[in-house]
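Raw contents of work.txt, compact mmCIF, C-alpha atoms:
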```
# COMPACT_ATOMS: atom_id res chain seq x y z
CA MET X 249 5.44 4.77 28.77
CA ALA X 250 3.48 5.88 31.86
CA LYS X 251 5.70 8.93 32.29
CA THR X 252 5.15 9.94 28.66
CA MET X 253 1.40 9.53 29.09
CA MET X 254 1.32 11.63 32.26
CA LYS X 255 3.65 14.27 30.85
CA GLY X 256 1.59 14.58 27.65
CA LYS X 257 -1.68 14.84 29.57
CA ASP X 258 -0.33 17.42 32.03
CA GLU X 259 1.24 19.44 29.21
CA GLY X 260 -2.00 19.26 27.26
CA ASN X 261 -3.99 20.43 30.29
CA ALA X 262 -1.66 23.40 30.77
CA LEU X 263 -1.89 24.35 27.09
CA PHE X 264 -5.67 23.92 27.12
CA ASN X 265 -6.00 26.22 30.14
CA ALA X 266 -3.83 28.75 28.29
CA LYS X 267 -6.28 28.47 25.34
CA LYS X 268 -3.54 27.12 23.06
CA TYR X 269 -5.84 24.47 21.67
CA ALA X 270 -3.76 23.38 18.68
CA ASP X 271 -0.75 22.72 20.89
CA ALA X 272 -2.98 20.97 23.43
CA VAL X 273 -4.23 18.64 20.69
CA LYS X 274 -0.62 17.72 19.87
CA ALA X 275 0.23 17.08 23.54
CA TYR X 276 -2.87 14.95 24.07
CA THR X 277 -2.06 13.01 20.90
CA VAL X 278 1.41 12.20 22.29
CA ALA X 279 -0.16 11.08 25.57
CA PHE X 280 -2.73 8.94 23.76
CA GLU X 281 -0.18 7.27 21.50
CA ALA X 282 1.96 6.38 24.53
CA GLY X 283 -0.95 4.48 26.09
CA THR X 284 -0.73 1.22 24.18
CA SER X 285 -1.19 -1.25 27.04
CA PRO X 286 -4.66 -2.58 27.94
CA ILE X 287 -4.25 -1.11 31.42
CA ALA X 288 -4.14 2.35 29.88
CA ALA X 289 -7.67 2.14 28.40
CA ALA X 290 -9.32 4.31 31.07
CA TYR X 291 -6.45 6.77 30.87
CA CYS X 292 -6.73 6.93 27.07
CA SER X 293 -10.42 7.66 27.50
CA VAL X 294 -9.59 10.69 29.64
CA VAL X 295 -6.92 11.91 27.23
CA LEU X 296 -9.24 11.56 24.23
CA GLY X 297 -11.98 13.41 26.11
CA ASN X 298 -9.52 16.21 26.84
CA ARG X 299 -8.41 16.28 23.21
CA ALA X 300 -12.08 16.52 22.21
CA ALA X 301 -12.35 19.63 24.39
CA ALA X 302 -9.31 21.10 22.65
CA TYR X 303 -10.86 20.35 19.27
CA GLN X 304 -14.01 22.10 20.44
CA GLY X 305 -11.89 25.12 21.28
CA LEU X 306 -10.60 25.06 17.70
CA ASN X 307 -14.20 24.74 16.39
CA GLU X 308 -13.33 21.37 14.86
CA THR X 309 -16.67 19.76 15.66
CA LEU X 310 -16.19 16.53 13.73
CA ASN X 311 -12.82 15.81 15.34
CA ALA X 312 -14.28 16.58 18.77
CA LEU X 313 -17.23 14.28 18.10
CA ALA X 314 -14.93 11.51 16.88
CA ASP X 315 -12.68 11.79 19.94
CA CYS X 316 -15.69 11.65 22.27
CA GLY X 317 -16.80 8.46 20.54
CA ARG X 318 -13.34 6.96 20.84
CA ALA X 319 -13.11 7.99 24.49
CA LEU X 320 -16.40 6.23 25.17
CA SER X 321 -15.21 3.13 23.34
CA PHE X 322 -12.31 2.93 25.80
CA ASN X 323 -14.50 3.70 28.81
CA PRO X 324 -18.30 3.80 28.38
CA TRP X 325 -18.65 5.32 31.89
CA ASN X 326 -16.68 8.46 31.03
CA VAL X 327 -19.37 10.95 32.01
CA LYS X 328 -17.34 13.94 30.86
CA ALA X 329 -17.10 12.48 27.35
CA LEU X 330 -20.85 11.73 27.37
CA SER X 331 -21.67 15.26 28.48
CA ARG X 332 -19.29 16.77 25.94
CA ARG X 333 -20.65 14.62 23.11
CA SER X 334 -24.23 15.55 24.01
CA SER X 335 -23.33 19.25 23.90
CA ILE X 336 -21.68 18.76 20.51
CA HIS X 337 -24.81 16.98 19.27
CA GLU X 338 -26.88 19.88 20.56
CA SER X 339 -24.66 22.39 18.77
CA ILE X 340 -25.16 20.59 15.44
CA ARG X 341 -28.87 20.02 16.17
CA CYS X 342 -28.75 16.23 16.37
CA TRP X 343 -31.37 16.23 19.09
CA ASP X 344 -31.97 12.45 19.23
CA ASP X 345 -28.28 11.74 19.75
CA ALA X 346 -28.01 14.51 22.35
CA ALA X 347 -31.00 13.09 24.24
CA ASN X 348 -29.57 9.56 24.14
CA ASP X 349 -26.22 10.76 25.51
CA LEU X 350 -27.92 12.75 28.26
CA LYS X 351 -30.04 9.74 29.24
CA ALA X 352 -26.90 7.59 29.44
CA TYR X 353 -25.16 10.31 31.46
CA ILE X 354 -28.04 10.48 33.93
CA GLN X 355 -28.16 6.71 34.25
CA ILE X 356 -24.42 6.39 34.90
CA ALA X 357 -24.04 9.49 37.07
CA GLY X 358 -27.03 8.44 39.15
CA ARG X 359 -25.31 5.29 40.36
CA THR X 360 -23.91 5.95 43.79
CA ASN X 361 -21.54 2.96 43.70
CA TYR X 362 -19.26 4.75 41.20
CA ASP X 363 -16.87 7.42 42.45
CA LEU X 364 -17.38 9.74 39.50
CA PHE X 365 -17.83 12.91 41.53
CA SER X 366 -15.89 14.37 44.44
CA SER X 367 -18.99 14.81 46.60
CA ALA X 368 -22.67 13.93 46.81
CA GLN X 369 -23.52 17.60 46.24
CA GLU X 370 -21.48 17.65 43.01
CA ARG X 371 -23.37 14.54 41.88
CA ARG X 372 -26.75 16.16 42.63
CA ASN X 373 -25.76 19.36 40.80
CA ALA X 374 -24.52 17.42 37.75
CA LEU X 375 -27.68 15.31 37.64
CA ALA X 376 -29.89 18.38 37.97
CA LEU X 377 -28.08 20.13 35.13
CA ALA X 378 -28.23 17.05 32.89
CA THR X 379 -31.93 16.57 33.64
CA GLU X 380 -32.59 20.21 32.80
CA ARG X 381 -30.69 19.86 29.52
CA LEU X 382 -32.61 16.68 28.69
CA ARG X 383 -35.94 18.45 29.30
CA ALA X 384 -34.85 21.17 26.88
CA VAL X 385 -33.71 18.68 24.21
CA GLU X 386 -36.57 16.16 24.29
CA PRO X 387 -39.22 18.43 22.69
CA ARG X 388 -36.78 19.11 19.89
CA THR X 389 -36.47 15.39 19.16
CA GLN X 390 -40.19 15.39 18.33
CA ALA X 391 -39.80 18.38 16.04
CA GLN X 392 -36.78 16.82 14.33
CA ALA X 393 -38.94 14.01 12.98
CA HIS X 394 -40.67 16.61 10.81
CA SER X 395 -37.61 18.68 9.94
CA GLN X 396 -36.28 19.38 6.48
CA VAL X 397 -33.42 16.97 7.11
CA GLU X 398 -35.89 14.14 7.65
CA LEU X 399 -37.95 15.20 4.63
CA VAL X 400 -34.88 15.10 2.41
CA ARG X 401 -33.81 11.77 3.88
CA HIS X 402 -37.16 10.22 2.94
CA TRP X 403 -37.77 12.16 -0.27
CA PRO X 404 -38.72 9.98 -3.22
CA ARG X 405 -36.10 9.03 -5.74
CA TYR X 406 -38.08 10.73 -8.50
CA PRO X 407 -37.50 14.31 -9.74
CA TRP X 408 -39.86 16.87 -8.21
CA TRP X 409 -41.72 17.43 -11.49
CA GLU X 410 -42.63 13.74 -11.67
CA HIS X 411 -43.79 13.54 -8.08
CA GLN X 412 -47.24 15.02 -8.77
CA ARG X 413 -47.77 12.70 -11.76
CA LEU X 414 -46.72 9.72 -9.66
CA HIS X 415 -49.00 10.78 -6.82
CA VAL X 416 -51.97 10.70 -9.19
CA ALA X 417 -50.99 7.18 -10.23
CA CYS X 418 -50.34 6.20 -6.63
CA LYS X 419 -53.78 4.74 -5.97
CA ASN X 420 -53.80 2.30 -8.87
CA GLN X 421 -50.06 1.58 -8.56
CA SER X 422 -49.65 1.27 -12.30
CA LEU X 423 -47.20 3.42 -14.15
CA PRO X 424 -45.37 1.84 -17.07
CA GLY X 425 -41.63 1.42 -16.61
CA ARG X 426 -41.62 2.50 -12.96
CA PRO X 427 -41.78 0.58 -9.71
CA PRO X 428 -44.91 1.10 -7.60
CA HIS X 429 -44.86 4.54 -5.99
CA SER X 430 -45.84 5.08 -2.40
CA CYS X 431 -45.71 8.64 -1.20
CA GLY X 432 -47.61 8.03 2.01
CA ARG X 433 -50.48 10.32 1.04
CA GLY X 434 -52.94 7.51 0.42
```
Taking this structure as input, can you express it in the form of structure tokens?
Amino acid sequence: MAKTMMKGKDEGNALFNAKKYADAVKAYTVAFEAGTSPIAAAYCSVVLGNRAAAYQGLNETLNALADCGRALSFNPWNVKALSRRSSIHESIRCWDDAANDLKAYIQIAGRTNYDLFSSAQERRNALALATERLRAVEPRTQAQAHSQVELVRHWPRYPWWEHQRLHVACKNQSLPGRPPHSCGRG
């Protein structure tokens, strides 16, 4: 089992470096499926994070996002998976999710009692980059609250041509056959 896991991961890494992403996905899948013991949870997290990178190379954003989530369910301290997931969220303009992942990354990477980086300088560089990314994303989270996506999400359940008629009746809240309408315009 352990040999299959290691072989699949190493093969996947080699294929990923050769930009053969589809084959890398297959190799990482073999490595992941071999890791069925509870001891292999951290290893499975790494393999799923690597497979997410391969999916990103194939422009399969949803699969990459799903694998990052699964990797983090195996190991919530997988900073590579957090960073990758935040970049995927940025690419699909989910600014709130990207900011939350970056905040978690900064919190975890900032702890000096974890050996997540090979040196203190690497830790400082990673934290600086994540902080810079977070500063770029945070203003967009404010703008997202007023985006078209949010408007559609909260759009009334009435057809657009009825919206004006309902707005007129909004103050007295009495329109026969309809529930009270509240459009937020007072």
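If you look at atom CA of X:Ala384 and atom CA of X:Ala319, they are 25.5 Å away from each other.
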Exercise. Can you tell me, as a ChimeraX atom specification, what residues are no more than 7 Å from X:Gly260 when counting only C-alpha atoms, ignoring any on the same chain fewer than 6 positions away?
Worked result: /X:272-273,275-276
Exercise. If we count only C-alpha atoms, what is near X:Tyr269 at a cut-off of 8 Å, once residues fewer than 4 positions away on the same chain are taken out, given as a ChimeraX atom specification?
Worked result: /X:263-264,273,302-303,305-306
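Straight-line separation from atom CA of X:Gly317 to atom CA of X:Ala288: 16.9 Å.
Atom CA of X:Ser321 is positioned 21.3 Å from atom CA of X:Asn361.
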Exercise. Smallest atom-to-atom distance to X:Asn323: which of X:Gln355, X:Thr252, X:Asn265, X:Ala290, using only C-alpha atoms?
Worked result: X:Ala290
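Excluding X:Glu281 itself and any same-chain residue fewer than 6 positions from it, the protein and nucleic acid residues within 12 Å of it, counting all atoms listed in the file, are Met249, Ala250, Thr252, Met253, Met254, Gly256, Lys257, Lys274, Ala275, Ala288, Ala289, Tyr291, Cys292, Ser293, Val295 and Leu296 of chain X.
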Exercise. Could you pull the residues within 9 Å of X:Leu375, counting all atoms listed in the file, minus those fewer than 6 positions along the same chain, as a PyMOL selection string?
Worked result: chain X and resi 353-354+357-358
Problem set entry | Contacts of X:Arg383 at 10 Å (only C-alpha atoms; same-chain gap of 6+ positions) as an NGL selection string | :X and (347 or 350 or 377)
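Ranking X:Arg381, X:Phe365, X:Asp271, X:Arg372 by their shortest atom-to-atom distance to X:Asp349, with only C-alpha atoms included, puts X:Arg381 first.
When all atoms listed in the file are used to compute distances to X:Ala346, the closest of the residues X:Thr389, X:Ser366, X:Asn326, X:Asn373 turns out to be X:Thr389.
Closest approach to X:Gly297 among X:Ala329, X:Ile336, X:Val278, X:Glu386: X:Ala329, based on only C-alpha atoms.
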With all atoms of stretch 265-280 of chain X from the file as input, state the centre and edge lengths in Å to one decimal of the axis-aligned box that has 8 Å extra on each side, as JSON.
```
{"center_x": -2.4, "center_y": 18.8, "center_z": 24.4, "size_x": 23.7, "size_y": 35.8, "size_z": 27.5}
```
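Among X:Arg388, X:Lys251, X:Arg359, X:Arg299, the residue with the shortest atom-to-atom distance to X:Ala314, counting only C-alpha atoms, is X:Arg299.
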For this session: Using only C-alpha atoms, find the one residue out of X:Asn298, X:Val385, X:Ile356, X:Arg318 that sits nearest to X:Ser335.
Result: X:Val385
